file input_5.pdb (PDB, C-alpha atoms)
ATOM      1  CA  MET Y  18      41.688  -9.958-228.046
ATOM      2  CA  GLN Y  19      43.760 -13.110-227.476
ATOM      3  CA  LEU Y  20      44.869 -13.084-231.108
ATOM      4  CA  HIS Y  21      45.871  -9.426-230.884
ATOM      5  CA  GLY Y  22      47.762 -10.115-227.659
ATOM      6  CA  THR Y  23      49.670 -12.975-229.299
ATOM      7  CA  LEU Y  24      50.551 -10.850-232.324
ATOM      8  CA  VAL Y  25      51.725  -7.994-230.101
ATOM      9  CA  SER Y  26      54.062 -10.392-228.295
ATOM     10  CA  ILE Y  27      55.517 -11.596-231.605
ATOM     11  CA  ALA Y  28      55.877  -8.054-232.945
ATOM     12  CA  LEU Y  29      57.605  -6.913-229.746
ATOM     13  CA  GLY Y  30      60.012  -9.820-230.091
ATOM     14  CA  ALA Y  31      60.810  -8.653-233.620
ATOM     15  CA  ALA Y  32      61.241  -5.106-232.265
ATOM     16  CA  GLY Y  33      63.739  -6.315-229.682
ATOM     17  CA  PHE Y  34      65.704  -8.255-232.307
ATOM     18  CA  ALA Y  35      65.743  -5.206-234.598
ATOM     19  CA  ALA Y  36      66.907  -2.964-231.744
ATOM     20  CA  ALA Y  37      69.789  -5.318-230.970
ATOM     21  CA  SER Y  38      70.738  -5.401-234.649
ATOM     22  CA  LEU Y  39      70.632  -1.612-234.923
ATOM     23  CA  ALA Y  40      72.620  -1.113-231.747
ATOM     24  CA  THR Y  41      75.462  -3.368-232.894
ATOM     25  CA  ALA Y  42      75.536  -2.528-236.594
ATOM     26  CA  THR Y  43      75.164   1.261-236.743
ATOM     27  CA  ARG Y  44      78.016   2.305-234.453
ATOM     28  CA  GLY Y  45      80.004   5.013-236.141
ATOM     29  CA  GLN Y  46      77.252   5.609-238.732
ATOM     30  CA  ALA Y  47      75.625   8.679-237.218
ATOM     31  CA  ASP Y  48      74.538   9.952-240.611
ATOM     32  CA  SER Y  49      72.101   7.083-241.198
ATOM     33  CA  SER Y  50      71.553   5.462-237.806
ATOM     34  CA  GLY Y  51      69.252   8.277-236.680
ATOM     35  CA  VAL Y  52      66.641   7.634-239.365
ATOM     36  CA  LEU Y  53      66.837   3.882-238.768
ATOM     37  CA  TRP Y  54      66.107   4.381-235.083
ATOM     38  CA  LEU Y  55      63.288   6.747-236.015
ATOM     39  CA  MET Y  56      61.835   3.938-238.159
ATOM     40  CA  TRP Y  57      62.145   1.619-235.165
ATOM     41  CA  VAL Y  58      60.226   4.085-232.993
ATOM     42  CA  GLY Y  59      57.571   4.295-235.722
ATOM     43  CA  GLY Y  60      57.194   0.523-235.711
ATOM     44  CA  LEU Y  61      56.819   0.512-231.925
ATOM     45  CA  LEU Y  62      54.175   3.242-232.128
ATOM     46  CA  ALA Y  63      52.312   1.235-234.780
ATOM     47  CA  ILE Y  64      52.098  -1.727-232.386
ATOM     48  CA  ALA Y  65      50.910   0.521-229.554
ATOM     49  CA  VAL Y  66      48.270   2.347-231.618
ATOM     50  CA  VAL Y  67      46.745  -0.806-233.099
ATOM     51  CA  TYR Y  68      46.626  -2.562-229.735
ATOM     52  CA  ALA Y  69      45.290   0.533-227.923
ATOM     53  CA  GLY Y  70      42.507   0.868-230.478
ATOM     54  CA  THR Y  71      41.562  -2.787-230.057
ATOM     55  CA  VAL Y  72      41.558  -2.636-226.255
ATOM     56  CA  THR Y  73      39.696   0.677-226.061
ATOM     57  CA  GLY Y  74      36.803  -0.427-228.245
ATOM     58  CA  ALA Y  75      36.627  -4.106-227.290
ATOM     59  CA  PHE Y  76      33.682  -3.631-224.925
ATOM     60  CA  THR Y  77      31.516  -2.166-227.690
ATOM     61  CA  LEU Y  78      31.757  -5.176-229.999
ATOM     62  CA  PRO Y  79      28.955  -7.740-229.863
ATOM     63  CA  ALA Y  80      29.666 -11.112-228.276
ATOM     64  CA  GLY Y  81      29.731 -13.992-230.717
ATOM     65  CA  ILE Y  82      31.854 -16.330-232.782
ATOM     66  CA  PRO Y  83      34.436 -14.364-234.817
ATOM     67  CA  SER Y  84      34.059 -14.449-238.569
ATOM     68  CA  LEU Y  85      36.872 -15.263-240.979
ATOM     69  CA  TRP Y  86      37.525 -11.538-241.500
ATOM     70  CA  ASP Y  87      37.862 -10.980-237.758
ATOM     71  CA  LEU Y  88      40.750 -13.450-237.782
ATOM     72  CA  VAL Y  89      42.368 -12.476-241.092
ATOM     73  CA  PHE Y  90      42.785  -8.734-240.523
ATOM     74  CA  PRO Y  91      44.804  -9.048-237.277
ATOM     75  CA  LEU Y  92      47.042 -11.636-238.947
ATOM     76  CA  PHE Y  93      47.789  -9.324-241.865
ATOM     77  CA  ILE Y  94      48.432  -6.424-239.477
ATOM     78  CA  GLY Y  95      50.834  -8.621-237.523
ATOM     79  CA  LEU Y  96      52.588  -9.661-240.736
ATOM     80  CA  ALA Y  97      53.039  -6.013-241.766
ATOM     81  CA  GLN Y  98      54.335  -5.097-238.305
ATOM     82  CA  PHE Y  99      56.856  -7.927-238.473
ATOM     83  CA  MET Y 100      57.957  -6.648-241.894
ATOM     84  CA  VAL Y 101      58.495  -3.147-240.475
ATOM     85  CA  PHE Y 102      61.003  -4.514-237.962
ATOM     86  CA  GLY Y 103      62.373  -7.245-240.223
ATOM     87  CA  VAL Y 104      63.931  -4.744-242.620
ATOM     88  CA  LEU Y 105      65.740  -3.147-239.678
ATOM     89  CA  THR Y 106      67.797  -6.276-239.093
ATOM     90  CA  ARG Y 107      71.088  -6.633-240.941
ATOM     91  CA  THR Y 108      70.321 -10.262-241.812
ATOM     92  CA  VAL Y 109      67.537  -9.059-244.147
ATOM     93  CA  ALA Y 110      69.251  -6.112-245.854
ATOM     94  CA  PRO Y 111      72.667  -4.493-245.319
ATOM     95  CA  PHE Y 112      72.328  -1.164-243.555
ATOM     96  CA  SER Y 113      74.434   0.353-246.314
ATOM     97  CA  ASN Y 114      71.590  -0.358-248.771
ATOM     98  CA  ARG Y 115      69.390   2.415-247.410
ATOM     99  CA  ASP Y 116      67.012   2.709-250.385
ATOM    100  CA  THR Y 117      65.946  -0.922-250.040
ATOM    101  CA  ILE Y 118      65.429  -0.580-246.296
ATOM    102  CA  ASP Y 119      63.444   2.641-246.726
ATOM    103  CA  GLU Y 120      61.275   1.184-249.484
ATOM    104  CA  MET Y 121      60.391  -2.000-247.604
ATOM    105  CA  TRP Y 122      59.784  -0.080-244.373
ATOM    106  CA  PHE Y 123      57.385   2.285-246.115
ATOM    107  CA  PHE Y 124      55.473  -0.578-247.738
ATOM    108  CA  GLY Y 125      55.341  -2.432-244.422
ATOM    109  CA  MET Y 126      53.948   0.635-242.660
ATOM    110  CA  ALA Y 127      51.484   1.148-245.512
ATOM    111  CA  GLY Y 128      50.295  -2.395-244.869
ATOM    112  CA  VAL Y 129      49.828  -1.673-241.173
ATOM    113  CA  GLY Y 130      47.785   1.445-241.906
ATOM    114  CA  GLY Y 131      45.785  -0.164-244.705
ATOM    115  CA  PHE Y 132      44.836  -3.328-242.835
ATOM    116  CA  ALA Y 133      44.146  -1.355-239.662
ATOM    117  CA  GLY Y 134      41.809   0.899-241.665
ATOM    118  CA  ILE Y 135      39.925  -2.120-242.996
ATOM    119  CA  GLY Y 136      39.693  -3.481-239.462
ATOM    120  CA  ILE Y 137      38.268  -0.165-238.265
ATOM    121  CA  LEU Y 138      35.636  -0.297-241.003
ATOM    122  CA  ARG Y 139      34.743  -3.807-239.863
ATOM    123  CA  ALA Y 140      34.417  -2.623-236.253
ATOM    124  CA  SER Y 141      32.296   0.338-237.389
ATOM    125  CA  HIS Y 142      29.949  -2.021-239.213
ATOM    126  CA  LEU Y 143      29.573  -4.256-236.153
ATOM    127  CA  VAL Y 144      28.885  -1.278-233.912
ATOM    128  CA  LYS Y 145      26.378   0.115-236.405
ATOM    129  CA  VAL Y 146      24.297  -3.074-236.705
ATOM    130  CA  SER Y 147      24.376  -3.881-232.975
ATOM    131  CA  SER Y 148      21.814  -2.729-230.440
ATOM    132  CA  TYR Y 149      22.747  -1.256-227.080
ATOM    133  CA  GLU Y 150      20.983  -0.159-223.936
ATOM    134  CA  PRO Y 151      19.450   3.333-224.325
ATOM    135  CA  ALA Y 152      21.636   4.539-221.474
ATOM    136  CA  LEU Y 153      24.694   3.872-223.645
ATOM    137  CA  ASN Y 154      23.511   5.978-226.590
ATOM    138  CA  SER Y 155      25.709   8.945-225.702
ATOM    139  CA  ALA Y 156      28.833   6.816-225.231
ATOM    140  CA  MET Y 157      28.227   4.890-228.446
ATOM    141  CA  GLU Y 158      27.612   8.061-230.436
ATOM    142  CA  TYR Y 159      30.936   9.409-229.198
ATOM    143  CA  TYR Y 160      32.714   6.152-230.033
ATOM    144  CA  ARG Y 161      31.292   6.040-233.554
ATOM    145  CA  GLY Y 162      32.759   9.488-234.118
ATOM    146  CA  ARG Y 163      36.119   8.344-232.782
ATOM    147  CA  LEU Y 164      36.115   5.368-235.164
ATOM    148  CA  LYS Y 165      35.803   7.775-238.087
ATOM    149  CA  ALA Y 166      38.797   9.722-236.775
ATOM    150  CA  ASP Y 167      40.735   6.479-236.304
ATOM    151  CA  PHE Y 168      40.006   5.488-239.891
ATOM    152  CA  THR Y 169      41.283   8.852-241.086
ATOM    153  CA  GLY Y 170      44.507   8.384-239.145
ATOM    154  CA  ALA Y 171      45.045   4.847-240.437
ATOM    155  CA  SER Y 172      44.362   5.969-244.004
ATOM    156  CA  LEU Y 173      46.784   8.891-243.673
ATOM    157  CA  THR Y 174      49.491   6.555-242.364
ATOM    158  CA  ALA Y 175      48.915   4.196-245.294
ATOM    159  CA  LEU Y 176      48.866   7.047-247.824
ATOM    160  CA  ILE Y 177      52.088   8.735-246.692
ATOM    161  CA  SER Y 178      53.901   5.417-246.367
ATOM    162  CA  CYS Y 179      52.668   4.117-249.712
ATOM    163  CA  LEU Y 180      53.754   7.355-251.396
ATOM    164  CA  GLY Y 181      57.253   6.988-249.994
ATOM    165  CA  GLY Y 182      57.442   3.341-251.018
ATOM    166  CA  VAL Y 183      56.172   3.969-254.547
ATOM    167  CA  LEU Y 184      58.664   6.813-255.090
ATOM    168  CA  LEU Y 185      61.556   4.592-254.065
ATOM    169  CA  ALA Y 186      60.262   1.623-256.059
ATOM    170  CA  SER Y 187      60.049   3.825-259.167
ATOM    171  CA  GLY Y 188      63.731   4.685-258.883
ATOM    172  CA  VAL Y 189      63.463   8.066-257.181
ATOM    173  CA  HIS Y 190      66.233   8.484-254.613
ATOM    174  CA  LEU Y 191      65.241  10.266-251.410
ATOM    175  CA  ASP Y 192      68.165  11.962-249.749
ATOM    176  CA  LEU Y 193      68.539  11.675-245.996
ATOM    177  CA  ALA Y 194      66.691  14.914-245.248
ATOM    178  CA  TRP Y 195      63.628  13.864-247.256
ATOM    179  CA  THR Y 196      63.670  10.411-245.676
ATOM    180  CA  TYR Y 197      63.716  12.019-242.235
ATOM    181  CA  ALA Y 198      60.797  14.238-243.248
ATOM    182  CA  VAL Y 199      58.583  11.437-244.556
ATOM    183  CA  VAL Y 200      59.371   9.039-241.712
ATOM    184  CA  SER Y 201      58.806  11.852-239.195
ATOM    185  CA  ALA Y 202      55.389  12.528-240.762
ATOM    186  CA  VAL Y 203      54.414   8.875-240.312
ATOM    187  CA  VAL Y 204      55.725   8.836-236.745
ATOM    188  CA  GLY Y 205      53.834  12.055-236.011
ATOM    189  CA  VAL Y 206      50.538  10.602-237.243
ATOM    190  CA  LEU Y 207      51.090   7.461-235.154
ATOM    191  CA  ALA Y 208      52.003   9.451-232.040
ATOM    192  CA  PHE Y 209      48.867  11.561-232.422
ATOM    193  CA  GLY Y 210      46.855   8.377-232.916
ATOM    194  CA  LEU Y 211      48.187   6.923-229.663
ATOM    195  CA  TRP Y 212      47.317  10.117-227.809
ATOM    196  CA  SER Y 213      43.880  10.030-229.413
ATOM    197  CA  GLN Y 214      43.317   6.502-228.099
ATOM    198  CA  HIS Y 215      44.280   7.717-224.627
ATOM    199  CA  VAL Y 216      41.741  10.542-224.838
ATOM    200  CA  THR Y 217      39.083   8.176-226.205
ATOM    201  CA  GLY Y 218      39.558   5.832-223.253
ATOM    202  CA  ILE Y 219      39.202   8.695-220.773
ATOM    203  CA  GLU Y 220      36.097  10.090-222.460
ATOM    204  CA  LEU Y 221      34.430   6.674-222.751
ATOM    205  CA  ALA Y 222      35.103   5.979-219.078
ATOM    206  CA  LYS Y 223      33.572   9.350-218.226
ATOM    207  CA  GLU Y 224      30.513   8.661-220.385
ATOM    208  CA  LEU Y 225      30.005   5.245-218.811
ATOM    209  CA  ARG Y 226      30.285   6.623-215.277
ATOM    210  CA  GLU Y 227      27.523   9.104-216.070
ATOM    211  CA  THR Y 228      25.074   6.429-217.331
TER     212      THR Y 228
END
call {"tool": "encode", "arguments": {"input": "input_5.pdb", "output": "structure tokens"}}
result
Amino acid sequence: MQLHGTLVSIALGAAGFAAASLATATRGQADSSGVLWLMWVGGLLAIAVVYAGTVTGAFTLPAGIPSLWDLVFPLFIGLAQFMVFGVLTRTVAPFSNRDTIDEMWFFGMAGVGGFAGIGILRASHLVKVSSYEPALNSAMEYYRGRLKADFTGASLTALISCLGGVLLASGVHLDLAWTYAVVSAVVGVLAFGLWSQHVTGIELAKELRET
């Protein structure tokens, strides 16, 4: 939890720097600034979803010394999140070079979804091999189902983003309308994932009150 909190702080700092860069560099560029801001919103949602998932399910994980994997996955997620915002700063790539920005953003978001999915699988394994009080059976059964849904969402984010990145890397040019469509799809999945975490927290609290 402390590691995730530290990474969130760093990622939010990168988000603030990217927002300042976008605000000062895209004036008068209404045709492309909209999709860049949409990418920024997607990056912010990615931070929120990953952190919400960690906080919501933290109480279910067994106490103990973290393994190497428990430390590596959050670091890679943080690196991918930083990449998502890094490409939205004009010091990394000129905003006129939209294909490069789009490609790197898609690959960064694919990294977030991919590493988050692996982290969810790790959490699912820990929950599966751990024992809980019989009174918690109902809550844990519900949470195991939610982890499967979370994995689906993370995988979908990675798949859509990777598809966009691969198309651009292979030389296919996505016009502005298609870029809006693909980025909007990623943002939509992330927004639904954040809402899902909200619902999961409410349902788990309800289950625990009834035990």
call {"tool": "closest_residue", "arguments": {"input": "input_5.pdb", "among": "Y:Val89, Y:Ala156, Y:Leu24, Y:Leu96", "to": "Ile219 of chain Y", "atoms": "all atoms listed in the file"}}
result
Y:Ala156
call {"tool": "residues_near_point", "arguments": {"input": "input_5.pdb", "point": "(29.4, 7.7, -216.6)", "cutoff": "12 Å", "atoms": "all atoms listed in the file", "output": "PDB file with C-alpha atoms, keeping the file's coordinate frame"}}
result
ATOM      1  CA  ALA Y 152      21.636   4.539-221.474  1.00  0.00           C
ATOM      2  CA  LEU Y 153      24.694   3.872-223.645  1.00  0.00           C
ATOM      3  CA  ASN Y 154      23.511   5.978-226.590  1.00  0.00           C
ATOM      4  CA  SER Y 155      25.709   8.945-225.702  1.00  0.00           C
ATOM      5  CA  ALA Y 156      28.833   6.816-225.231  1.00  0.00           C
ATOM      6  CA  ILE Y 219      39.202   8.695-220.773  1.00  0.00           C
ATOM      7  CA  GLU Y 220      36.097  10.090-222.460  1.00  0.00           C
ATOM      8  CA  LEU Y 221      34.430   6.674-222.751  1.00  0.00           C
ATOM      9  CA  ALA Y 222      35.103   5.979-219.078  1.00  0.00           C
ATOM     10  CA  LYS Y 223      33.572   9.350-218.226  1.00  0.00           C
ATOM     11  CA  GLU Y 224      30.513   8.661-220.385  1.00  0.00           C
ATOM     12  CA  LEU Y 225      30.005   5.245-218.811  1.00  0.00           C
ATOM     13  CA  ARG Y 226      30.285   6.623-215.277  1.00  0.00           C
ATOM     14  CA  GLU Y 227      27.523   9.104-216.070  1.00  0.00           C
ATOM     15  CA  THR Y 228      25.074   6.429-217.331  1.00  0.00           C
TER      16      THR Y 228
END
call {"tool": "atom_distance", "arguments": {"input": "input_5.pdb", "atom1": "atom CA of Thr71 of chain Y", "atom2": "atom CA of Gly130 of chain Y"}}
result
14.0 Å
call {"tool": "residues_near_point", "arguments": {"input": "input_5.pdb", "point": "(66.1, 4.1, -251.0)", "cutoff": "6 Å", "atoms": "all atoms listed in the file", "output": "list of chain:residue names"}}
result
Y:Arg115, Y:Asp116, Y:Thr117, Y:Asp119, Y:Glu120, Y:Leu185, Y:His190
call {"tool": "closest_residue", "arguments": {"input": "input_5.pdb", "among": "Y:Thr73, Y:Thr106, Y:Ser84, Y:Thr41", "to": "His215 of chain Y", "atoms": "only C-alpha atoms"}}
result
Y:Thr73
call {"tool": "resolve_selection", "arguments": {"input": "input_5.pdb", "expression": "the PyMOL selection byres ((chain Y and resi 98-102) around 7)", "output": "PyMOL selection string"}}
result
chain Y and resi 28+31-32+35+57+60+94-97+103-105+122+125-126+129
call {"tool": "write_last_selection", "arguments": {"input": "input_5.pdb", "atoms": "C-alpha atoms", "output": "short mmCIF file (atom, residue, chain, number, x, y, z; two decimals), in the frame of the given file"}}
result
data_model
loop_
_atom_site.label_atom_id
_atom_site.label_comp_id
_atom_site.auth_asym_id
_atom_site.auth_seq_id
_atom_site.Cartn_x
_atom_site.Cartn_y
_atom_site.Cartn_z
CA ALA Y 28 55.88 -8.05 -232.94
CA ALA Y 31 60.81 -8.65 -233.62
CA ALA Y 32 61.24 -5.11 -232.26
CA ALA Y 35 65.74 -5.21 -234.60
CA TRP Y 57 62.14 1.62 -235.16
CA GLY Y 60 57.19 0.52 -235.71
CA ILE Y 94 48.43 -6.42 -239.48
CA GLY Y 95 50.83 -8.62 -237.52
CA LEU Y 96 52.59 -9.66 -240.74
CA ALA Y 97 53.04 -6.01 -241.77
CA GLY Y 103 62.37 -7.24 -240.22
CA VAL Y 104 63.93 -4.74 -242.62
CA LEU Y 105 65.74 -3.15 -239.68
CA TRP Y 122 59.78 -0.08 -244.37
CA GLY Y 125 55.34 -2.43 -244.42
CA MET Y 126 53.95 0.64 -242.66
CA VAL Y 129 49.83 -1.67 -241.17
#
call {"tool": "resolve_selection", "arguments": {"input": "input_5.pdb", "expression": "the PyMOL selection byres ((chain Y and resi 207) around 8)", "output": "list in words"}}
result
Gly59, Leu62, Ala63, Val66, Gly170, Thr174, Val203, Val204, Gly205, Val206, Ala208, Phe209, Gly210 and Leu211 of chain Y
call {"tool": "residues_around", "arguments": {"input": "input_5.pdb", "residues": "Ala198 of chain Y", "least_positions_apart": "2", "cutoff": "12 Å", "atoms": "all atoms listed in the file", "output": "MDAnalysis selection string"}}
result
chainID Y and resid 52 55:56 177:178 181 191:196 200:205
call {"tool": "write_last_selection", "arguments": {"input": "input_5.pdb", "atoms": "C-alpha atoms", "output": "PDB file, keeping the file's coordinate frame"}}
result
ATOM      1  CA  VAL Y  52      66.641   7.634-239.365  1.00  0.00           C
ATOM      2  CA  LEU Y  55      63.288   6.747-236.015  1.00  0.00           C
ATOM      3  CA  MET Y  56      61.835   3.938-238.159  1.00  0.00           C
ATOM      4  CA  ILE Y 177      52.088   8.735-246.692  1.00  0.00           C
ATOM      5  CA  SER Y 178      53.901   5.417-246.367  1.00  0.00           C
ATOM      6  CA  GLY Y 181      57.253   6.988-249.994  1.00  0.00           C
ATOM      7  CA  LEU Y 191      65.241  10.266-251.410  1.00  0.00           C
ATOM      8  CA  ASP Y 192      68.165  11.962-249.749  1.00  0.00           C
ATOM      9  CA  LEU Y 193      68.539  11.675-245.996  1.00  0.00           C
ATOM     10  CA  ALA Y 194      66.691  14.914-245.248  1.00  0.00           C
ATOM     11  CA  TRP Y 195      63.628  13.864-247.256  1.00  0.00           C
ATOM     12  CA  THR Y 196      63.670  10.411-245.676  1.00  0.00           C
ATOM     13  CA  VAL Y 200      59.371   9.039-241.712  1.00  0.00           C
ATOM     14  CA  SER Y 201      58.806  11.852-239.195  1.00  0.00           C
ATOM     15  CA  ALA Y 202      55.389  12.528-240.762  1.00  0.00           C
ATOM     16  CA  VAL Y 203      54.414   8.875-240.312  1.00  0.00           C
ATOM     17  CA  VAL Y 204      55.725   8.836-236.745  1.00  0.00           C
ATOM     18  CA  GLY Y 205      53.834  12.055-236.011  1.00  0.00           C
TER      19      GLY Y 205
END
call {"tool": "closest_residue", "arguments": {"input": "input_5.pdb", "among": "Y:Val146, Y:Val183, Y:Gly188, Y:Gly134", "to": "Thr169 of chain Y", "atoms": "all atoms listed in the file"}}
result
Y:Gly134
call {"tool": "atom_distance", "arguments": {"input": "input_5.pdb", "atom1": "atom CA of Trp86 of chain Y", "atom2": "atom CA of Gly128 of chain Y"}}
result
16.1 Å
call {"tool": "axis_aligned_box", "arguments": {"input": "input_5.pdb", "around": "segment 141-158 of chain Y", "padding_each_side": "8 Å", "output": "JSON"}}
result
{"center_x": 25.9, "center_y": 2.3, "center_z": -230.3, "size_x": 28.8, "size_y": 29.2, "size_z": 33.7}
call {"tool": "atom_distance", "arguments": {"input": "input_5.pdb", "atom1": "atom CA of Arg161 of chain Y", "atom2": "atom CA of Phe132 of chain Y"}}
result
18.9 Å
call {"tool": "build_atoms", "arguments": {"input": "input_5.pdb", "residues": "segment 191-207 of chain Y", "atoms": "N, CA and C atoms", "output": "PDB file, in the coordinates of the input"}}
result
ATOM      1  N   LEU Y 191      65.527   9.263-252.433  1.00  0.00           N
ATOM      2  CA  LEU Y 191      65.241  10.266-251.410  1.00  0.00           C
ATOM      3  C   LEU Y 191      66.504  10.483-250.591  1.00  0.00           C
ATOM      4  N   ASP Y 192      66.987  11.720-250.574  1.00  0.00           N
ATOM      5  CA  ASP Y 192      68.165  11.962-249.749  1.00  0.00           C
ATOM      6  C   ASP Y 192      67.778  11.869-248.276  1.00  0.00           C
ATOM      7  N   LEU Y 193      68.769  11.924-247.413  1.00  0.00           N
ATOM      8  CA  LEU Y 193      68.539  11.675-245.996  1.00  0.00           C
ATOM      9  C   LEU Y 193      67.544  12.651-245.384  1.00  0.00           C
ATOM     10  N   ALA Y 194      67.597  13.913-245.804  1.00  0.00           N
ATOM     11  CA  ALA Y 194      66.691  14.914-245.248  1.00  0.00           C
ATOM     12  C   ALA Y 194      65.244  14.606-245.594  1.00  0.00           C
ATOM     13  N   TRP Y 195      64.993  14.203-246.852  1.00  0.00           N
ATOM     14  CA  TRP Y 195      63.628  13.864-247.256  1.00  0.00           C
ATOM     15  C   TRP Y 195      63.146  12.590-246.558  1.00  0.00           C
ATOM     16  N   THR Y 196      64.047  11.634-246.382  1.00  0.00           N
ATOM     17  CA  THR Y 196      63.670  10.411-245.676  1.00  0.00           C
ATOM     18  C   THR Y 196      63.271  10.728-244.240  1.00  0.00           C
ATOM     19  N   TYR Y 197      64.069  11.580-243.591  1.00  0.00           N
ATOM     20  CA  TYR Y 197      63.716  12.019-242.235  1.00  0.00           C
ATOM     21  C   TYR Y 197      62.340  12.673-242.226  1.00  0.00           C
ATOM     22  N   ALA Y 198      62.062  13.504-243.209  1.00  0.00           N
ATOM     23  CA  ALA Y 198      60.797  14.238-243.248  1.00  0.00           C
ATOM     24  C   ALA Y 198      59.612  13.299-243.385  1.00  0.00           C
ATOM     25  N   VAL Y 199      59.713  12.344-244.321  1.00  0.00           N
ATOM     26  CA  VAL Y 199      58.583  11.437-244.556  1.00  0.00           C
ATOM     27  C   VAL Y 199      58.385  10.493-243.382  1.00  0.00           C
ATOM     28  N   VAL Y 200      59.486   9.935-242.869  1.00  0.00           N
ATOM     29  CA  VAL Y 200      59.371   9.039-241.712  1.00  0.00           C
ATOM     30  C   VAL Y 200      58.833   9.797-240.502  1.00  0.00           C
ATOM     31  N   SER Y 201      59.294  11.031-240.312  1.00  0.00           N
ATOM     32  CA  SER Y 201      58.806  11.852-239.195  1.00  0.00           C
ATOM     33  C   SER Y 201      57.309  12.118-239.320  1.00  0.00           C
ATOM     34  N   ALA Y 202      56.821  12.312-240.552  1.00  0.00           N
ATOM     35  CA  ALA Y 202      55.389  12.528-240.762  1.00  0.00           C
ATOM     36  C   ALA Y 202      54.592  11.300-240.337  1.00  0.00           C
ATOM     37  N   VAL Y 203      55.090  10.112-240.710  1.00  0.00           N
ATOM     38  CA  VAL Y 203      54.414   8.875-240.312  1.00  0.00           C
ATOM     39  C   VAL Y 203      54.431   8.714-238.795  1.00  0.00           C
ATOM     40  N   VAL Y 204      55.598   8.954-238.197  1.00  0.00           N
ATOM     41  CA  VAL Y 204      55.725   8.836-236.745  1.00  0.00           C
ATOM     42  C   VAL Y 204      54.812   9.842-236.042  1.00  0.00           C
ATOM     43  N   GLY Y 205      54.705  11.043-236.597  1.00  0.00           N
ATOM     44  CA  GLY Y 205      53.834  12.055-236.011  1.00  0.00           C
ATOM     45  C   GLY Y 205      52.373  11.642-236.027  1.00  0.00           C
ATOM     46  N   VAL Y 206      51.925  11.080-237.151  1.00  0.00           N
ATOM     47  CA  VAL Y 206      50.538  10.602-237.243  1.00  0.00           C
ATOM     48  C   VAL Y 206      50.287   9.490-236.229  1.00  0.00           C
ATOM     49  N   LEU Y 207      51.244   8.576-236.097  1.00  0.00           N
ATOM     50  CA  LEU Y 207      51.090   7.461-235.154  1.00  0.00           C
ATOM     51  C   LEU Y 207      51.083   7.950-233.705  1.00  0.00           C
TER      52      LEU Y 207
END
